[in-house]
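entry.txt (compact mmCIF, C-alpha atoms)
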# COMPACT_ATOMS: atom_id res chain seq x y z
CA MET H 1 -23.12 7.21 15.14
CA THR H 2 -22.25 9.18 18.26
CA ALA H 3 -21.61 12.87 18.77
CA THR H 4 -17.87 12.20 18.57
CA THR H 5 -18.00 10.22 15.31
CA TRP H 6 -15.89 11.77 12.54
CA ALA H 7 -18.22 12.74 9.70
CA TYR H 8 -17.32 14.81 6.64
CA GLU H 9 -18.11 18.06 8.48
CA ASN H 10 -15.56 17.33 11.22
CA PHE H 11 -12.54 17.57 8.94
CA VAL H 12 -10.96 21.02 8.90
CA GLU H 13 -8.44 22.03 6.27
CA GLY H 14 -5.01 22.44 7.84
CA ALA H 15 -5.89 20.57 11.03
CA SER H 16 -3.59 17.77 12.18
CA LEU H 17 -4.27 14.67 14.21
CA ASP H 18 -1.85 12.50 16.18
CA LEU H 19 -1.47 8.89 14.97
CA GLY H 20 -0.23 7.43 18.24
CA VAL H 21 2.68 5.05 18.56
CA LYS H 22 3.51 1.68 17.00
CA HIS H 23 6.39 -0.57 18.06
CA VAL H 24 7.71 -2.70 15.19
CA ASN H 25 9.10 -6.11 16.04
CA ALA H 26 11.04 -8.68 14.03
CA HIS H 27 8.33 -11.32 14.32
CA GLU H 28 5.65 -9.24 12.62
CA ILE H 29 8.05 -8.02 9.93
CA ILE H 30 8.89 -11.62 9.03
CA GLU H 31 5.27 -12.78 9.27
CA PHE H 32 3.99 -10.10 6.87
CA ALA H 33 6.88 -10.61 4.46
CA SER H 34 6.48 -14.38 4.43
CA GLU H 35 2.95 -13.97 3.14
CA PHE H 36 3.23 -10.97 0.84
CA ASP H 37 6.80 -9.84 0.14
CA ALA H 38 9.35 -12.58 0.77
CA GLN H 39 12.44 -10.63 -0.26
CA PRO H 40 15.50 -11.57 1.84
CA MET H 41 15.90 -8.16 3.53
CA HIS H 42 12.38 -8.52 4.97
CA LEU H 43 12.94 -12.08 6.24
CA ASP H 44 16.41 -12.23 7.74
CA GLU H 45 18.56 -9.91 9.87
CA ALA H 46 21.81 -10.85 8.11
CA ALA H 47 20.31 -10.40 4.64
CA GLY H 48 18.88 -7.06 5.75
CA LYS H 49 22.26 -5.92 7.07
CA ALA H 50 23.87 -6.90 3.76
CA SER H 51 21.27 -4.91 1.79
CA ILE H 52 21.12 -1.16 1.26
CA LEU H 53 18.40 -1.09 3.96
CA GLY H 54 20.94 -1.88 6.69
CA GLY H 55 18.91 -4.32 8.79
CA LEU H 56 15.82 -6.50 9.01
CA SER H 57 13.37 -4.05 7.46
CA ALA H 58 9.60 -4.05 7.08
CA SER H 59 8.18 -4.48 3.59
CA GLY H 60 7.05 -1.08 2.36
CA TRP H 61 3.56 -2.56 2.09
CA HIS H 62 3.77 -3.63 5.73
CA THR H 63 4.58 -0.04 6.66
CA CYS H 64 1.48 1.01 4.69
CA ALA H 65 -0.58 -1.57 6.58
CA MET H 66 0.82 -0.48 9.97
CA PHE H 67 0.05 3.13 9.04
CA MET H 68 -3.52 2.10 8.19
CA ARG H 69 -3.91 0.48 11.59
CA MET H 70 -2.66 3.68 13.25
CA LEU H 71 -5.18 5.68 11.19
CA CYS H 72 -7.97 3.26 12.16
CA ASP H 73 -7.13 3.55 15.85
CA ALA H 74 -6.74 7.34 15.68
CA PHE H 75 -10.18 8.08 14.20
CA LEU H 76 -11.15 6.02 11.16
CA LEU H 77 -13.01 3.27 13.01
CA ASP H 78 -15.18 5.92 14.62
CA SER H 79 -15.94 7.76 11.40
CA THR H 80 -18.38 7.68 8.51
CA SER H 81 -15.62 6.36 6.18
CA GLN H 82 -16.81 4.82 2.93
CA GLY H 83 -13.37 3.78 1.73
CA SER H 84 -10.97 5.47 -0.66
CA PRO H 85 -10.57 5.67 -4.44
CA GLY H 86 -6.79 5.41 -4.15
CA ILE H 87 -3.47 6.83 -3.12
CA GLU H 88 -1.86 9.91 -4.57
CA HIS H 89 1.63 8.80 -3.56
CA VAL H 90 3.64 6.85 -1.02
CA LYS H 91 7.25 7.65 -0.15
CA TRP H 92 9.30 5.05 1.68
CA LYS H 93 11.91 7.58 2.79
CA LYS H 94 13.97 5.48 5.19
CA PRO H 95 13.95 1.81 6.19
CA VAL H 96 11.58 0.78 9.01
CA LEU H 97 13.68 -1.66 11.03
CA ALA H 98 12.91 -4.25 13.68
CA GLY H 99 12.94 -2.47 17.03
CA ASP H 100 11.81 0.88 15.63
CA THR H 101 9.01 2.86 17.22
CA LEU H 102 6.81 4.76 14.80
CA SER H 103 4.76 7.84 15.52
CA GLY H 104 3.03 10.16 13.14
CA THR H 105 0.50 12.75 12.15
CA VAL H 106 -2.21 13.15 9.55
CA THR H 107 -3.06 16.59 8.18
CA VAL H 108 -6.16 17.55 6.20
CA LEU H 109 -5.02 19.17 2.94
CA ALA H 110 -8.37 19.76 1.27
CA LYS H 111 -12.03 18.72 1.37
CA ARG H 112 -14.95 18.97 -0.99
CA GLN H 113 -18.45 17.56 -1.22
CA SER H 114 -19.10 15.16 -4.10
CA LYS H 115 -21.20 16.72 -6.87
CA SER H 116 -22.68 13.45 -8.08
CA ARG H 117 -23.28 12.08 -4.56
CA PRO H 118 -23.85 15.03 -2.18
CA GLN H 119 -24.17 12.69 0.80
CA LEU H 120 -20.42 11.97 0.36
CA GLY H 121 -17.44 14.21 0.96
CA LEU H 122 -13.86 13.72 -0.23
CA VAL H 123 -11.07 14.50 2.22
CA THR H 124 -7.48 14.65 1.00
CA MET H 125 -4.93 13.96 3.73
CA ARG H 126 -1.17 13.91 4.00
CA SER H 127 0.27 11.54 6.58
CA GLU H 128 3.81 11.15 7.83
CA LEU H 129 5.48 8.59 10.08
CA PHE H 130 8.66 9.14 12.10
CA ASN H 131 11.01 6.74 13.85
CA GLN H 132 12.29 7.06 17.42
CA ARG H 133 15.06 9.38 16.24
CA GLY H 134 12.50 11.77 14.76
CA GLU H 135 13.49 10.85 11.20
CA SER H 136 10.69 10.93 8.66
CA VAL H 137 10.42 7.38 7.29
CA PHE H 138 7.10 7.37 5.43
CA GLU H 139 4.86 9.85 3.68
CA LEU H 140 1.49 9.27 2.09
CA GLU H 141 -1.13 11.38 0.43
CA ASN H 142 -4.59 9.95 -0.13
CA THR H 143 -8.24 10.79 -0.40
CA GLY H 144 -10.90 9.31 1.84
CA MET H 145 -14.67 9.33 1.29
CA PHE H 146 -16.87 10.20 4.29
CA LEU H 147 -20.62 10.47 4.66
CA THR H 148 -22.00 13.81 5.80
CA ARG H 149 -23.44 13.92 9.30
CA GLU H 150 -26.96 14.16 7.93
CA ALA H 151 -26.53 11.18 5.58
CA ALA H 152 -25.06 9.03 8.34
CA ALA H 153 -27.68 9.90 10.92
CA MET P 154 22.24 -15.21 -9.22
CA THR P 155 21.38 -17.49 -12.12
CA ALA P 156 21.23 -16.80 -15.86
CA THR P 157 17.45 -16.31 -15.55
CA THR P 158 17.63 -13.84 -12.65
CA TRP P 159 16.02 -10.50 -13.45
CA ALA P 160 18.73 -7.84 -13.27
CA TYR P 161 18.41 -4.19 -14.36
CA GLU P 162 19.45 -5.09 -17.92
CA ASN P 163 16.57 -7.56 -18.34
CA PHE P 164 13.85 -4.92 -18.16
CA VAL P 165 12.77 -3.65 -21.56
CA GLU P 166 10.67 -0.52 -21.95
CA GLY P 167 7.19 -1.43 -23.16
CA ALA P 168 7.51 -5.11 -22.29
CA SER P 169 4.74 -6.73 -20.22
CA LEU P 170 4.79 -9.66 -17.85
CA ASP P 171 1.93 -11.83 -16.67
CA LEU P 172 1.19 -11.72 -12.92
CA GLY P 173 -0.55 -15.10 -12.69
CA VAL P 174 -3.77 -15.70 -10.81
CA LYS P 175 -4.89 -15.13 -7.22
CA HIS P 176 -8.14 -16.40 -5.71
CA VAL P 177 -9.44 -14.15 -2.94
CA ASN P 178 -11.36 -15.75 -0.10
CA ALA P 179 -13.41 -14.36 2.77
CA HIS P 180 -11.11 -15.78 5.44
CA GLU P 181 -8.03 -13.93 4.26
CA ILE P 182 -9.98 -10.68 3.71
CA ILE P 183 -11.20 -10.79 7.32
CA GLU P 184 -7.81 -11.86 8.68
CA PHE P 185 -5.96 -8.96 7.03
CA ALA P 186 -8.65 -6.44 7.96
CA SER P 187 -8.75 -7.58 11.58
CA GLU P 188 -5.08 -6.73 11.94
CA PHE P 189 -4.74 -3.60 9.81
CA ASP P 190 -8.04 -2.13 8.60
CA ALA P 191 -10.99 -3.21 10.75
CA GLN P 192 -13.68 -1.23 8.93
CA PRO P 193 -17.03 -3.10 8.87
CA MET P 194 -17.12 -3.64 5.08
CA HIS P 195 -13.84 -5.57 5.32
CA LEU P 196 -14.99 -7.77 8.22
CA ASP P 197 -18.56 -8.78 7.56
CA GLU P 198 -20.59 -9.81 4.51
CA ALA P 199 -23.76 -7.98 5.61
CA ALA P 200 -21.87 -4.77 6.40
CA GLY P 201 -20.13 -5.02 3.03
CA LYS P 202 -23.44 -5.46 1.22
CA ALA P 203 -24.84 -2.42 3.03
CA SER P 204 -21.83 -0.30 2.01
CA ILE P 205 -21.12 1.30 -1.36
CA LEU P 206 -18.69 -1.61 -1.99
CA GLY P 207 -21.56 -4.08 -2.34
CA GLY P 208 -20.09 -7.07 -0.52
CA LEU P 209 -17.34 -8.34 1.80
CA SER P 210 -14.46 -6.47 0.19
CA ALA P 211 -10.70 -6.62 0.68
CA SER P 212 -9.03 -3.64 2.32
CA GLY P 213 -7.33 -1.62 -0.40
CA TRP P 214 -4.06 -2.28 1.41
CA HIS P 215 -4.77 -5.99 1.29
CA THR P 216 -5.18 -5.70 -2.48
CA CYS P 217 -1.79 -3.94 -2.56
CA ALA P 218 -0.28 -6.77 -0.51
CA MET P 219 -1.85 -9.47 -2.74
CA PHE P 220 -0.51 -7.61 -5.77
CA MET P 221 2.95 -7.59 -4.19
CA ARG P 222 2.78 -11.34 -3.67
CA MET P 223 1.83 -11.80 -7.33
CA LEU P 224 4.77 -9.60 -8.34
CA CYS P 225 7.11 -11.60 -6.07
CA ASP P 226 5.98 -14.89 -7.59
CA ALA P 227 6.11 -13.55 -11.16
CA PHE P 228 9.74 -12.37 -11.04
CA LEU P 229 10.72 -10.25 -8.07
CA LEU P 230 12.00 -13.07 -5.85
CA ASP P 231 14.34 -14.10 -8.66
CA SER P 232 15.63 -10.60 -9.31
CA THR P 233 18.31 -8.23 -8.08
CA SER P 234 15.65 -6.05 -6.40
CA GLN P 235 16.93 -3.59 -3.80
CA GLY P 236 13.51 -2.29 -2.80
CA SER P 237 11.62 0.77 -3.89
CA PRO P 238 11.62 4.46 -2.95
CA GLY P 239 7.85 4.62 -3.17
CA ILE P 240 4.64 4.49 -5.16
CA GLU P 241 3.61 7.02 -7.78
CA HIS P 242 -0.07 6.20 -7.38
CA VAL P 243 -2.57 3.48 -6.52
CA LYS P 244 -6.10 3.39 -7.89
CA TRP P 245 -8.67 1.16 -6.22
CA LYS P 246 -11.01 1.21 -9.20
CA LYS P 247 -13.56 -1.41 -8.16
CA PRO P 248 -14.12 -3.46 -5.00
CA VAL P 249 -12.20 -6.73 -4.67
CA LEU P 250 -14.79 -9.09 -3.19
CA ALA P 251 -14.64 -12.48 -1.49
CA GLY P 252 -14.75 -15.11 -4.23
CA ASP P 253 -13.04 -12.94 -6.85
CA THR P 254 -10.18 -14.24 -8.95
CA LEU P 255 -7.51 -11.69 -9.75
CA SER P 256 -5.14 -11.72 -12.70
CA GLY P 257 -2.88 -9.01 -13.98
CA THR P 258 0.04 -7.65 -15.88
CA VAL P 259 3.02 -5.43 -15.18
CA THR P 260 4.45 -3.22 -17.92
CA VAL P 261 7.82 -1.50 -17.91
CA LEU P 262 7.23 2.23 -18.53
CA ALA P 263 10.78 3.53 -18.25
CA LYS P 264 14.23 2.65 -16.95
CA ARG P 265 17.39 4.57 -16.13
CA GLN P 266 20.67 3.90 -14.41
CA SER P 267 21.26 5.82 -11.17
CA LYS P 268 23.82 8.62 -11.59
CA SER P 269 24.95 8.59 -7.98
CA ARG P 270 25.01 4.78 -7.71
CA PRO P 271 25.73 3.33 -11.18
CA GLN P 272 25.42 -0.23 -9.84
CA LEU P 273 21.68 0.47 -9.41
CA GLY P 274 19.01 0.98 -12.01
CA LEU P 275 15.54 2.43 -11.53
CA VAL P 276 12.66 0.71 -13.31
CA THR P 277 9.24 2.40 -13.42
CA MET P 278 6.37 -0.04 -13.89
CA ARG P 279 2.63 0.19 -14.28
CA SER P 280 0.64 -2.76 -12.98
CA GLU P 281 -3.01 -3.58 -13.35
CA LEU P 282 -5.23 -6.26 -11.80
CA PHE P 283 -8.48 -7.57 -13.25
CA ASN P 284 -11.30 -9.62 -11.76
CA GLN P 285 -12.87 -12.74 -13.30
CA ARG P 286 -15.18 -10.56 -15.40
CA GLY P 287 -12.19 -8.80 -16.94
CA GLU P 288 -12.95 -5.58 -15.07
CA SER P 289 -9.92 -3.53 -14.07
CA VAL P 290 -9.99 -3.32 -10.26
CA PHE P 291 -6.53 -1.99 -9.35
CA GLU P 292 -3.83 0.09 -10.94
CA LEU P 293 -0.44 0.97 -9.55
CA GLU P 294 2.60 2.82 -10.78
CA ASN P 295 5.86 2.46 -8.91
CA THR P 296 9.61 2.48 -9.27
CA GLY P 297 11.83 -0.44 -8.30
CA MET P 298 15.59 -0.43 -7.76
CA PHE P 299 17.57 -3.29 -9.30
CA LEU P 300 21.28 -4.07 -9.30
CA THR P 301 22.98 -4.32 -12.67
CA ARG P 302 24.07 -7.80 -13.74
CA GLU P 303 27.71 -6.89 -13.18
CA ALA P 304 27.11 -5.48 -9.69
CA ALA P 305 25.10 -8.56 -8.64
CA ALA P 306 27.57 -11.11 -10.03
Now, as a test, write the supplied structure out as structure tokens.
Amino acid sequence: MTATTWAYENFVEGASLDLGVKHVNAHEIIEFASEFDAQPMHLDEAAGKASILGGLSASGWHTCAMFMRMLCDAFLLDSTSQGSPGIEHVKWKKPVLAGDTLSGTVTVLAKRQSKSRPQLGLVTMRSELFNQRGESVFELENTGMFLTREAAA
Amino acid sequence: MTATTWAYENFVEGASLDLGVKHVNAHEIIEFASEFDAQPMHLDEAAGKASILGGLSASGWHTCAMFMRMLCDAFLLDSTSQGSPGIEHVKWKKPVLAGDTLSGTVTVLAKRQSKSRPQLGLVTMRSELFNQRGESVFELENTGMFLTREAAA
């Protein structure tokens, strides 16, 4: 652990962090869908256009996974993360289409130290992704578990 | 669409469906994590053992994706699915470890026809996955959109 590592103490209620940028291409949409969610609108441009999604669109779970990668790159891989008990909600607000560029932010909603395991803190975050037109396409609220700085030292 | 295709009308409140079986191996855990969630406990057996997860454990998002594949194989790929507006909640209740065998069920909680788009129905489902010891490891509640039989014909 370095001085810049994100431990429980580093999260500040109300603070936001930038999630960087992710370009979404047709190849990765199709690859993910072929393995996990082989619905036609996630596999084929024409089928996507014919669907209510309006084009070759990423599986909602692929958007979740891409979001997770953005979170990892933003700070999670240099943190004291101990995983997460779950997700409060996910909203797939608009289709994520091949060719889109995603950006986003994560905001700390609340934090509290665990009573049963005081070396752990729970951080509730709301994240949002936008496409290149600034439209909100994805929203997620979840709780992450982080070691305190002392416990991780 | 065939006579056995799952359209909105086929979903019955309270009815459950079997999600089949999925064996989870170390290779796929590491492959998914390397792309989307490269935290040490998802990449390395020793790091997993040292973590509160107790072994090489699937990313929670990987468990979501494996669940989606089980749902696809159980009925979704032979349905009038039009996607989903989002997830009510996900609970990662216990670690999913390399070598585990998952099984599960999906239960229809509620259904209603869309007022604005009567050709679409909304089906709210609760799904649960169990490991080979019968322990509940994953719970999800979400809403899917399905065309009515008439609209899909």
### Query
range 245-249 of chain P: which residues within 8 Å, counting all atoms listed in the file, same-chain residues fewer than 4 positions away excluded, as an MDAnalysis selection string?
(chainID H and resid 84:86) or (chainID P and resid 206:207 210:211 213 216 253 284 289:292)
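When CA of Thr124 in chain H is paired with CA of Ala151 in chain H, their separation reads 19.9 Å.
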### Task
Output the contact residues of chain P with respect to chain H at a cut-off of 9 Å, based on all atoms listed in the file, as a ChimeraX atom specification.
/P:188-194,204-206,212-215,217-225,229-230,234-247
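Shortest atom-to-atom contact with Glu150 in chain H among H:Gln119, H:Asn25, H:Thr105, H:Ser16: H:Gln119, counting only C-alpha atoms.
Minimum distance to Glu28 in chain H across H:Ala74, H:Leu102, H:Leu97, H:Ala50 (counting only C-alpha atoms) occurs at H:Leu97.
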### Contacts of Glu9 in chain H at 10 Å (all atoms listed in the file; same-chain gap of 3+ positions) as a PyMOL selection string
chain H and resi 6+12+111+113+121+146-150
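Nearest residue to Ala110 in chain H, choosing from H:Thr2, H:Thr143, H:Thr80, H:Gln132 and counting all atoms listed in the file: H:Thr143.
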